[in-house]
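Undergrad: Below you'll find run-v8.txt; it's compact mmCIF, C-alpha atoms and all ligand atoms.
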# COMPACT_ATOMS: atom_id res chain seq x y z
CA MET A 1 104.47 129.60 148.36
CA ALA A 2 105.03 133.31 148.19
CA GLY A 3 104.28 134.96 144.91
CA VAL A 4 102.22 132.25 143.28
CA LEU A 5 99.61 133.97 141.26
CA ARG A 6 96.06 132.73 140.98
CA ILE A 7 94.34 133.59 137.78
CA HIS A 8 90.65 133.31 137.73
CA VAL A 9 88.94 133.79 134.44
CA SER A 10 85.21 133.82 134.14
CA GLY A 11 83.17 133.87 130.99
CA THR A 12 83.30 137.60 130.42
CA LYS A 13 85.51 139.85 128.37
CA ASN A 14 88.72 139.92 130.27
CA GLN A 15 92.17 141.41 130.31
CA VAL A 16 94.54 138.88 131.79
CA ALA A 17 98.20 139.20 132.60
CA PHE A 18 99.72 135.78 133.16
CA LYS A 19 102.83 136.51 135.11
CA SER A 20 105.46 134.07 136.16
CA VAL A 21 107.16 134.19 139.52
CA THR A 22 110.20 132.67 137.92
CA LYS A 23 113.26 134.07 136.18
CA GLN A 24 112.59 132.52 132.80
CA THR A 25 109.36 134.32 132.57
CA PHE A 26 106.57 135.14 130.22
CA LYS A 27 104.71 138.39 130.52
CA ARG A 28 102.11 139.18 128.02
CA PRO A 29 98.69 140.68 128.29
CA SER A 30 96.11 138.63 126.51
CA VAL A 31 92.73 139.90 125.61
CA ILE A 32 90.23 137.10 125.75
CA ARG A 33 87.08 137.28 123.71
CA CYS A 34 84.46 135.13 125.26
CA ALA A 35 81.04 133.91 124.24
CA ALA A 36 77.99 134.74 126.27
CA TYR A 37 77.57 131.30 127.83
CA SER A 38 77.33 131.13 131.56
CA PRO A 39 80.03 128.70 132.68
CA LYS A 40 78.78 125.31 133.81
CA LYS A 41 81.73 123.24 134.86
CA GLN A 42 84.73 124.46 136.78
CA TYR A 43 88.22 123.08 136.52
CA ASN A 44 91.41 123.93 138.32
CA ILE A 45 94.48 123.57 136.11
CA ALA A 46 97.99 123.54 137.56
CA VAL A 47 100.25 125.27 135.04
CA LEU A 48 103.93 124.36 135.22
CA PRO A 49 105.73 126.08 132.32
CA GLY A 50 109.12 124.96 133.69
CA ASP A 51 112.20 126.02 131.76
CA GLY A 52 113.18 127.50 128.42
CA ILE A 53 110.60 127.36 125.66
CA GLY A 54 108.10 125.90 128.12
CA ASN A 55 107.60 129.59 128.92
CA ASP A 56 107.03 130.44 125.27
CA VAL A 57 104.57 127.68 124.42
CA ILE A 58 102.54 127.17 127.57
CA PRO A 59 100.96 130.65 127.54
CA VAL A 60 99.59 129.80 124.08
CA ALA A 61 98.02 126.61 125.43
CA VAL A 62 96.60 128.48 128.43
CA ASP A 63 95.03 131.12 126.20
CA ALA A 64 93.59 128.42 123.96
CA LEU A 65 92.14 126.51 126.90
CA ARG A 66 90.64 129.66 128.34
CA LEU A 67 88.97 130.57 125.08
CA VAL A 68 87.76 127.09 124.19
CA GLY A 69 86.46 126.83 127.76
CA SER A 70 84.48 130.02 127.45
CA LEU A 71 83.05 128.82 124.14
CA GLU A 72 82.06 125.45 125.57
CA GLY A 73 80.78 126.63 128.96
CA LEU A 74 83.78 125.51 130.99
CA GLU A 75 85.39 127.70 133.59
CA PHE A 76 89.10 127.27 134.19
CA THR A 77 91.19 128.50 137.07
CA PHE A 78 94.89 128.46 136.20
CA GLU A 79 97.49 128.34 138.91
CA GLU A 80 101.11 128.69 137.92
CA LEU A 81 103.65 126.67 139.88
CA PRO A 82 107.43 126.30 139.51
CA ILE A 83 109.25 123.12 138.51
CA GLY A 84 112.72 122.36 137.12
CA GLY A 85 115.42 125.02 136.83
CA VAL A 86 113.08 127.84 137.76
CA ALA A 87 112.17 126.01 140.97
CA LEU A 88 115.86 125.44 141.71
CA ASP A 89 116.41 129.18 141.26
CA LEU A 90 113.50 130.01 143.51
CA VAL A 91 113.66 127.52 146.34
CA GLY A 92 116.65 125.25 145.70
CA VAL A 93 114.82 122.05 144.72
CA PRO A 94 113.50 120.96 141.31
CA LEU A 95 110.06 120.01 142.64
CA PRO A 96 108.92 122.16 145.58
CA GLU A 97 106.56 120.35 147.97
CA GLU A 98 104.02 123.07 147.36
CA THR A 99 104.05 122.42 143.62
CA LEU A 100 103.36 118.71 144.16
CA ARG A 101 100.67 119.40 146.78
CA ARG A 102 98.81 121.83 144.54
CA ALA A 103 99.28 119.69 141.46
CA LYS A 104 97.65 116.81 143.37
CA GLN A 105 94.69 119.04 144.19
CA SER A 106 94.23 120.15 140.58
CA ASP A 107 92.04 118.58 137.93
CA ALA A 108 94.94 118.41 135.47
CA VAL A 109 98.54 119.53 135.14
CA LEU A 110 99.70 121.40 132.05
CA LEU A 111 103.49 121.23 131.86
CA GLY A 112 106.00 122.89 129.52
CA ALA A 113 109.51 121.44 129.73
CA VAL A 114 112.34 121.09 132.22
CA GLY A 115 116.08 121.51 131.76
CA TRP A 116 118.42 124.46 131.90
CA PRO A 117 122.19 124.38 131.11
CA GLN A 118 123.23 126.00 134.37
CA TRP A 119 122.08 122.88 136.22
CA ASP A 120 123.50 120.28 133.79
CA ASP A 121 126.55 119.37 135.86
CA GLN A 122 124.78 119.29 139.20
CA PRO A 123 124.16 116.09 141.14
CA LYS A 124 120.98 114.31 140.18
CA HIS A 125 118.85 115.67 143.03
CA LEU A 126 119.66 119.17 141.76
CA LYS A 127 118.89 118.54 138.11
CA PRO A 128 115.74 120.10 136.65
CA ILE A 129 114.59 116.81 135.10
CA THR A 130 114.56 115.20 138.53
CA GLY A 131 111.63 117.50 139.28
CA LEU A 132 109.70 115.94 136.42
CA LEU A 133 110.50 112.39 137.51
CA GLN A 134 109.39 113.28 141.05
CA LEU A 135 106.17 114.82 139.76
CA ARG A 136 105.39 111.71 137.70
CA ALA A 137 106.07 109.50 140.72
CA GLY A 138 104.11 111.80 143.07
CA LEU A 139 101.05 111.78 140.83
CA GLU A 140 101.50 108.06 140.08
CA VAL A 141 101.09 108.62 136.36
CA PHE A 142 102.32 105.27 135.10
CA SER A 143 101.03 105.46 131.53
CA ASN A 144 102.42 107.87 128.99
CA LEU A 145 100.37 108.28 125.81
CA ARG A 146 102.22 109.74 122.83
CA PRO A 147 100.15 109.92 119.66
CA ILE A 148 101.97 110.30 116.35
CA ARG A 149 99.72 111.50 113.56
CA VAL A 150 100.55 113.05 110.27
CA PHE A 151 98.77 116.26 109.43
CA PRO A 152 97.85 116.16 105.74
CA GLN A 153 98.81 119.83 105.46
CA LEU A 154 102.34 119.06 106.68
CA ILE A 155 103.20 116.21 104.36
CA GLY A 156 105.92 118.45 102.89
CA SER A 157 107.57 119.06 106.27
CA THR A 158 108.85 115.53 106.78
CA CYS A 159 112.09 114.28 105.32
CA LEU A 160 110.50 110.87 104.70
CA ARG A 161 108.66 109.91 101.53
CA THR A 162 105.06 111.05 101.26
CA GLU A 163 103.81 107.51 100.64
CA THR A 164 105.63 106.32 103.76
CA VAL A 165 104.08 108.81 106.14
CA GLN A 166 100.72 109.64 104.61
CA GLY A 167 97.95 108.47 106.91
CA VAL A 168 100.16 107.48 109.84
CA ASP A 169 98.13 107.38 113.04
CA LEU A 170 99.82 105.51 115.87
CA MET A 171 100.18 105.85 119.59
CA ILE A 172 103.18 104.99 121.71
CA ILE A 173 102.06 103.83 125.14
CA ARG A 174 105.06 104.05 127.36
CA GLU A 175 105.37 102.80 130.93
CA LEU A 176 106.44 105.82 132.95
CA THR A 177 107.07 105.18 136.65
CA GLY A 178 109.04 101.92 136.65
CA GLY A 179 111.86 100.35 134.64
CA ILE A 180 115.40 101.60 134.38
CA TYR A 181 114.46 105.21 135.15
CA ASN A 182 113.07 104.34 138.54
CA ALA A 183 113.94 100.82 139.71
CA GLN A 184 116.30 100.11 142.61
CA PRO A 185 119.15 99.47 143.16
CA ARG A 186 120.83 102.36 141.39
CA GLY A 187 123.62 104.76 142.18
CA PHE A 188 127.38 105.07 142.16
CA THR A 189 129.94 102.74 143.66
CA THR A 190 133.55 101.64 143.29
CA ASN A 191 134.52 98.32 141.74
CA GLU A 192 137.33 95.97 142.78
CA LYS A 193 139.78 97.87 140.55
CA GLY A 194 138.97 101.07 142.42
CA GLU A 195 137.12 102.52 139.44
CA GLU A 196 133.98 104.57 139.74
CA VAL A 197 130.85 102.72 138.54
CA GLY A 198 127.44 104.17 137.82
CA PHE A 199 124.55 101.72 137.62
CA SER A 200 120.79 101.55 137.17
CA THR A 201 118.49 98.55 137.22
CA GLU A 202 116.29 97.59 134.32
CA SER A 203 113.53 95.68 136.08
CA TYR A 204 109.81 95.22 135.62
CA SER A 205 107.52 93.36 137.99
CA SER A 206 104.51 91.44 136.75
CA SER A 207 102.11 93.98 138.29
CA GLU A 208 103.91 96.86 136.59
CA VAL A 209 103.72 95.14 133.20
CA ASP A 210 100.08 94.18 133.68
CA HIS A 211 99.16 97.71 134.74
CA ILE A 212 100.49 99.39 131.59
CA ALA A 213 99.59 96.51 129.26
CA ARG A 214 95.94 96.71 130.38
CA VAL A 215 95.86 100.40 129.42
CA ALA A 216 97.35 99.60 126.02
CA PHE A 217 94.94 96.73 125.29
CA GLU A 218 91.93 98.85 126.28
CA ILE A 219 93.03 101.70 124.02
CA ALA A 220 93.88 99.28 121.17
CA LYS A 221 90.32 97.94 121.40
CA GLN A 222 88.96 101.42 120.74
CA ARG A 223 91.33 101.98 117.82
CA ARG A 224 92.34 99.62 115.02
CA GLY A 225 92.90 96.68 117.34
CA LYS A 226 96.63 96.24 116.69
CA LEU A 227 99.18 96.20 119.46
CA CYS A 228 102.91 95.85 118.98
CA SER A 229 104.86 95.27 122.18
CA VAL A 230 108.49 96.43 122.02
CA ASP A 231 111.20 95.03 124.30
CA LYS A 232 114.67 93.51 124.31
CA ALA A 233 113.56 90.06 125.39
CA ALA A 234 116.55 88.44 123.70
CA ILE A 235 118.79 89.83 126.44
CA LEU A 236 117.04 91.64 129.29
CA GLU A 237 115.25 89.68 132.01
CA GLY A 238 112.80 92.53 132.62
CA SER A 239 111.89 92.32 128.92
CA MET A 240 111.50 88.53 129.09
CA LEU A 241 108.91 88.93 131.82
CA TRP A 242 107.35 91.84 129.92
CA ARG A 243 106.87 89.66 126.82
CA LYS A 244 105.48 86.76 128.85
CA ARG A 245 102.88 88.90 130.64
CA VAL A 246 101.80 90.73 127.46
CA THR A 247 101.41 87.37 125.70
CA GLU A 248 99.31 86.07 128.59
CA MET A 249 97.11 89.16 128.65
CA ALA A 250 96.55 88.87 124.90
CA SER A 251 94.29 85.86 125.51
CA GLU A 252 91.87 88.17 127.34
CA TYR A 253 91.67 90.39 124.26
CA PRO A 254 90.96 88.17 121.25
CA GLU A 255 89.89 91.22 119.27
CA VAL A 256 93.39 92.73 119.53
CA GLU A 257 96.13 91.44 117.23
CA VAL A 258 99.39 91.29 119.18
CA THR A 259 102.91 91.29 117.80
CA HIS A 260 106.28 91.62 119.51
CA LEU A 261 109.36 93.41 118.22
CA LEU A 262 112.82 93.89 119.61
CA ILE A 263 113.65 97.55 120.14
CA ASP A 264 116.31 97.72 117.43
CA THR A 265 114.03 96.24 114.78
CA ALA A 266 111.16 98.39 116.02
CA ALA A 267 113.25 101.55 115.58
CA MET A 268 113.99 100.61 111.98
CA ASP A 269 110.43 99.56 111.17
CA LEU A 270 108.99 102.70 112.73
CA ILE A 271 110.78 104.80 110.15
CA ARG A 272 110.57 102.38 107.20
CA HIS A 273 106.93 101.32 107.56
CA PRO A 274 105.24 103.50 110.18
CA LYS A 275 101.76 102.79 108.80
CA GLN A 276 101.86 99.20 110.07
CA PHE A 277 101.64 100.45 113.67
CA ASP A 278 98.54 101.25 115.69
CA ILE A 279 99.56 100.91 119.38
CA ILE A 280 103.20 100.52 120.36
CA LEU A 281 103.44 99.34 123.96
CA THR A 282 106.84 99.68 125.56
CA GLY A 283 108.87 100.50 128.65
CA VAL A 284 110.12 103.81 129.92
CA MET A 285 113.46 104.02 128.13
CA PHE A 286 112.57 102.43 124.81
CA GLY A 287 109.49 104.65 124.75
CA ASP A 288 111.59 107.74 125.33
CA ILE A 289 113.84 106.90 122.40
CA LEU A 290 111.09 105.75 120.05
CA SER A 291 109.00 108.84 120.64
CA ASP A 292 111.78 111.24 119.63
CA LEU A 293 112.52 109.04 116.66
CA ALA A 294 108.84 109.05 115.74
CA ALA A 295 108.93 112.85 115.57
CA VAL A 296 110.62 112.42 112.19
CA ILE A 297 107.36 111.00 110.82
CA PRO A 298 105.14 114.08 111.17
CA GLY A 299 108.19 116.27 110.60
CA SER A 300 108.89 117.94 113.93
CA VAL A 301 108.99 117.17 117.62
CA GLY A 302 107.21 120.51 117.92
CA LEU A 303 104.03 118.70 116.87
CA LEU A 304 104.02 115.91 119.44
CA PRO A 305 101.81 116.11 122.52
CA SER A 306 101.64 113.67 125.41
CA ALA A 307 99.43 112.65 128.30
CA SER A 308 100.66 110.93 131.44
CA LEU A 309 97.85 109.24 133.31
CA GLY A 310 97.35 107.29 136.51
CA ASP A 311 94.41 105.21 137.71
CA SER A 312 92.87 108.30 139.28
CA GLY A 313 93.87 111.86 140.09
CA PRO A 314 95.20 114.51 137.73
CA GLY A 315 97.18 113.63 134.64
CA ILE A 316 100.16 115.55 133.30
CA PHE A 317 99.84 116.96 129.80
CA GLU A 318 103.05 118.13 128.17
CA PRO A 319 104.68 118.53 124.79
CA VAL A 320 107.24 115.83 124.03
CA HIS A 321 109.90 118.42 123.12
CA GLY A 322 112.31 119.70 125.73
CA SER A 323 113.19 123.16 127.02
CA ALA A 324 115.41 123.99 123.99
CA PRO A 325 117.43 126.70 125.79
CA LYS A 326 118.89 127.96 122.49
CA HIS A 327 115.44 128.81 121.21
CA TYR A 328 114.08 130.26 124.43
CA GLY A 329 112.74 133.80 124.25
CA LYS A 330 113.27 134.09 120.47
CA ASP A 331 109.62 133.58 119.68
CA THR A 332 110.48 130.75 117.30
CA ALA A 333 109.14 127.73 119.19
CA ASN A 334 106.24 125.78 117.78
CA PRO A 335 103.32 125.99 120.25
CA LEU A 336 101.29 123.28 118.50
CA ALA A 337 102.65 120.42 120.63
CA SER A 338 101.49 122.37 123.67
CA VAL A 339 98.12 123.17 122.21
CA LEU A 340 97.68 119.52 121.22
CA SER A 341 98.66 118.60 124.79
CA ALA A 342 95.83 120.89 125.90
CA VAL A 343 93.59 118.90 123.53
CA MET A 344 94.71 115.72 125.34
CA LEU A 345 94.07 117.44 128.67
CA LEU A 346 90.49 118.11 127.61
CA ARG A 347 90.04 114.64 126.08
CA TYR A 348 91.75 112.32 128.56
CA GLY A 349 92.05 114.50 131.66
CA LEU A 350 88.66 116.20 131.84
CA LYS A 351 86.68 114.00 129.43
CA GLU A 352 85.51 117.13 127.65
CA GLU A 353 85.51 115.66 124.16
CA LYS A 354 83.55 118.46 122.55
CA ALA A 355 86.00 121.11 123.70
CA ALA A 356 88.89 118.82 122.72
CA LYS A 357 87.57 118.46 119.17
CA ARG A 358 86.99 122.17 118.92
CA LEU A 359 90.55 122.98 119.85
CA GLU A 360 91.91 120.25 117.59
CA GLU A 361 89.89 121.69 114.77
CA ALA A 362 91.44 125.11 115.41
CA VAL A 363 94.89 123.57 114.93
CA PHE A 364 93.75 122.13 111.60
CA ASP A 365 92.34 125.46 110.60
CA VAL A 366 95.57 127.32 111.35
CA LEU A 367 97.48 124.82 109.23
CA ASP A 368 94.85 125.03 106.48
CA ARG A 369 95.37 128.79 106.46
CA GLY A 370 99.06 128.20 105.83
CA PHE A 371 100.67 129.36 109.09
CA ARG A 372 103.91 127.59 109.99
CA THR A 373 106.58 128.03 112.61
CA ARG A 374 110.23 127.66 111.61
CA ASP A 375 110.41 123.89 112.27
CA ILE A 376 107.59 123.06 109.84
CA HIS A 377 107.98 125.88 107.38
CA THR A 378 108.07 125.04 103.67
CA THR A 379 108.05 127.18 100.54
CA GLY A 380 104.71 128.82 99.90
CA THR A 381 103.56 128.84 103.52
CA ILE A 382 103.51 131.74 105.98
CA LEU A 383 106.40 131.77 108.43
CA VAL A 384 105.28 132.96 111.87
CA GLY A 385 106.62 132.98 115.42
CA CYS A 386 105.20 131.31 118.48
CA LYS A 387 103.05 134.26 119.55
CA ARG A 388 101.54 134.82 116.13
CA MET A 389 100.76 131.11 115.84
CA GLY A 390 98.96 131.46 119.16
CA GLN A 391 96.98 134.45 117.90
CA GLU A 392 95.98 132.52 114.80
CA ILE A 393 94.74 129.65 116.94
CA MET A 394 92.63 132.12 118.88
CA SER A 395 91.24 133.54 115.62
CA SER A 396 90.39 130.05 114.39
CA LEU A 397 88.68 129.22 117.65
CA ASN A 398 86.68 132.42 117.49
CA ALA A 399 85.78 131.94 113.87
CA LYS A 400 84.78 128.29 113.97
CA VAL A 401 81.29 127.60 115.11
CA LEU A 402 80.99 124.00 114.01
CA VAL A 403 83.44 121.27 114.73
CA SER A 404 84.04 118.74 112.03
CA ASN A 405 85.33 115.25 112.62
CA GLY A 406 87.74 112.98 110.84
CA ARG A 407 90.15 115.58 109.56
CA PHE A 408 93.14 113.33 109.96
CA ASN A 409 94.33 111.15 107.07
C1 LIG B 1 110.55 112.87 127.83
C2 LIG B 1 111.82 113.43 128.37
C3 LIG B 1 111.94 113.00 129.83
C4 LIG B 1 112.01 111.50 129.86
C5 LIG B 1 113.08 113.65 130.60
C6 LIG B 1 113.03 115.15 130.53
C7 LIG B 1 113.07 113.17 132.03
O1 LIG B 1 112.90 113.07 127.60
O2 LIG B 1 109.50 113.08 128.45
O3 LIG B 1 110.60 112.24 126.77
O4 LIG B 1 113.03 110.92 129.53
O5 LIG B 1 111.00 110.89 130.26
MG MG B 2 112.33 112.18 125.75
Have the structure of the file written as structure tokens, please.

TA:
Amino acid sequence: MAGVLRIHVSGTKNQVAFKSVTKQTFKRPSVIRCAAYSPKKQYNIAVLPGDGIGNDVIPVAVDALRLVGSLEGLEFTFEELPIGGVALDLVGVPLPEETLRRAKQSDAVLLGAVGWPQWDDQPKHLKPITGLLQLRAGLEVFSNLRPIRVFPQLIGSTCLRTETVQGVDLMIIRELTGGIYNAQPRGFTTNEKGEEVGFSTESYSSSEVDHIARVAFEIAKQRRGKLCSVDKAAILEGSMLWRKRVTEMASEYPEVEVTHLLIDTAAMDLIRHPKQFDIILTGVMFGDILSDLAAVIPGSVGLLPSASLGDSGPGIFEPVHGSAPKHYGKDTANPLASVLSAVMLLRYGLKEEKAAKRLEEAVFDVLDRGFRTRDIHTTGTILVGCKRMGQEIMSSLNAKVLVSNGRFN
């Protein structure tokens, strides 16, 4: 693809311009201060900022990865590739073949957001979000991990009661490549009255349920051992099978306590008593809804990262928030969801736990020092924009030598 820029950063002092080939672009020189380690491991990261504020927040995550890499002896090569509206502008499709090919060859994909108003009324194959669905399918990332944790420093940013949210630490594990988003048949037709009908199929096969449930049980085992499966088994056949398979699998995991909730009750309980949850296992659509709802708990969707993983191959790491066209280019977006997605990239994608902790600690440090973007700003804290928040993360990374554990809760 013409114009794709390769950025190769080694562990030396470096002046890097990360330039986009796309219209919604970010151009900023970043001076990277690096430690004197000689890099040991090399990783190739596909960077897909996508649309809108994806272009504001992803450069912050790239800078953070580059610096934490240099401090931990990791060498990253970042390759920027178009997806979504910017790809439609460039080559007329939301996921260029070249983007998928290179993403497949990478060690991990760091993604911003997709969606741009100009494309809203286009047919589905010309919608930016179709590019994301195609990327998920192409990389076969069937499990979507969405942790919801409450930062003690941000207790004042949530509209819920302190005692309700304090100490919340849960993870939504959402099936990502099946269900109503993906299953056939789907499309548009005409009914016997001559009316237009749009339809999608909510279906789950036993292998699809088992695949995602196994991931959830394994993660539950490493956490507090509680798994709540969310469905609509009172009505939907796909959910009936879902519940049956999860119940059957539970016998293989006696150490995990399993409960089932219907989606409507789960939505209410998630906000009323979020502390009761450890793992929430659910399908693609209920997971989409619950994860935005869950953003109310920590106080902002600008704090929520995600990881989309397959059995092998690169995962996709992206903030849960969207492209927020209204906020694009105003330097007001919160880059923490992106930076925390970079933490997940290190932790789940590259298995570089030490670097992951270090970057996570930098996020804590920035919050400890009182810096807040608009979405989490409260009286007495320092209101900053996206870029400044990024700079403060870099300062924290540079300043922190030791990484402490257990800062949550
Ligand atoms: C999300 C988003 C996506 C989804 C869209 C952009 C396709 O809402 O990741 O939560 O529904 O999966
Ligand atoms: Mg969503």

Undergrad: Just want the 12 Å neighbourhood of A:Glu218, counted on all atoms listed in the file, with same-chain residues fewer than 4 positions away dropped. Output as an MDAnalysis selection string.

TA: chainID A and resid 173 210:214 222:227 249:250 252:256 279 281

Undergrad: For A:Ala64, work out the shell of residues within 9 Å, counting only C-alpha atoms and skipping chain neighbours fewer than 4 positions away, then give it as a ChimeraX atom specification.

TA: /A:59-60,68-69,339,342,359,390,393-394,397

Undergrad: Could you list, as JSON, numbers by chain, all residues that come within 8 Å of ligand MG 2 (chain B)? Count only C-alpha atoms and all ligand atoms.

TA: {"A": [288, 289, 291, 292, 320, 321, 322]}

Undergrad: Keeping only C-alpha atoms, take the residues you just selected and write them out as an mmCIF file, in the frame of the given file.

TA:
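Result file is part-v4.cif:
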data_model
loop_
_atom_site.group_PDB
_atom_site.id
_atom_site.type_symbol
_atom_site.label_atom_id
_atom_site.label_comp_id
_atom_site.auth_asym_id
_atom_site.auth_seq_id
_atom_site.Cartn_x
_atom_site.Cartn_y
_atom_site.Cartn_z
ATOM 1 C CA ASP A 288 111.590 107.740 125.330
ATOM 2 C CA ILE A 289 113.840 106.900 122.400
ATOM 3 C CA SER A 291 109.000 108.840 120.640
ATOM 4 C CA ASP A 292 111.780 111.240 119.630
ATOM 5 C CA VAL A 320 107.240 115.830 124.030
ATOM 6 C CA HIS A 321 109.900 118.420 123.120
ATOM 7 C CA GLY A 322 112.310 119.700 125.730
#

Undergrad: For ligand LIG 1 (chain B), list the contacting residues at 9 Å or closer, counting all atoms listed in the file, as an MDAnalysis selection string.

TA: chainID A and resid 113:115 128:133 144 176 181 284:285 287:289 291:292 306 318:323

Undergrad: Rank A:Val47, A:Ile316, A:Val197, A:Ala216 by their smallest atom-to-atom distance to A:Thr282, using only C-alpha atoms, and report the top residue only.

TA: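 Under the stated criterion, the closest residue is A:Ala216.
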
Undergrad: Measuring atom to atom with only C-alpha atoms, identify which of A:Ser203, A:Thr177, A:Ser251, A:Gln134 is nearest to A:Pro96.

TA: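 When distances to A:Pro96 are compared using only C-alpha atoms, the smallest one comes from A:Gln134.
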
Undergrad: For atom CA of A:Lys275 and atom CA of A:Ile155, determine how far apart the two atoms are, in Å to one decimal place.

TA: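 Answer for the atom CA of A:Lys275 to atom CA of A:Ile155 separation: 14.2 Å.
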
Undergrad: For A:Gln118, find every residue with an atom within 10 Å (counting all atoms listed in the file), except residues of its own chain fewer than 4 positions away, and show them as JSON, numbers by chain.

TA: {"A": [85, 122, 127, 128]}

Undergrad: Could you save those same residues with C-alpha atoms as an mmCIF file, keeping the file's coordinate frame?

TA:
data_model
loop_
_atom_site.group_PDB
_atom_site.id
_atom_site.type_symbol
_atom_site.label_atom_id
_atom_site.label_comp_id
_atom_site.auth_asym_id
_atom_site.auth_seq_id
_atom_site.Cartn_x
_atom_site.Cartn_y
_atom_site.Cartn_z
ATOM 1 C CA GLY A 85 115.420 125.020 136.830
ATOM 2 C CA GLN A 122 124.780 119.290 139.200
ATOM 3 C CA LYS A 127 118.890 118.540 138.110
ATOM 4 C CA PRO A 128 115.740 120.100 136.650
#

Undergrad: For A:Thr259, please output as an MDAnalysis selection string all residues within 8 Å (counting only C-alpha atoms; exclusion window: fewer than 2 positions along the same chain).

TA: chainID A and resid 227:229 257 261

Undergrad: Mind pulling up the distance from atom CA of A:Asp56 to atom CA of A:Ala324?

TA: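 According to the coordinates, atom CA of A:Ala324 and atom CA of A:Asp56 are separated by 10.7 Å.
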
Undergrad: Mind pulling up the distance from atom CA of A:Arg174 to atom CA of A:Ser143?

TA: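 These atoms are spaced 6.0 Å apart.
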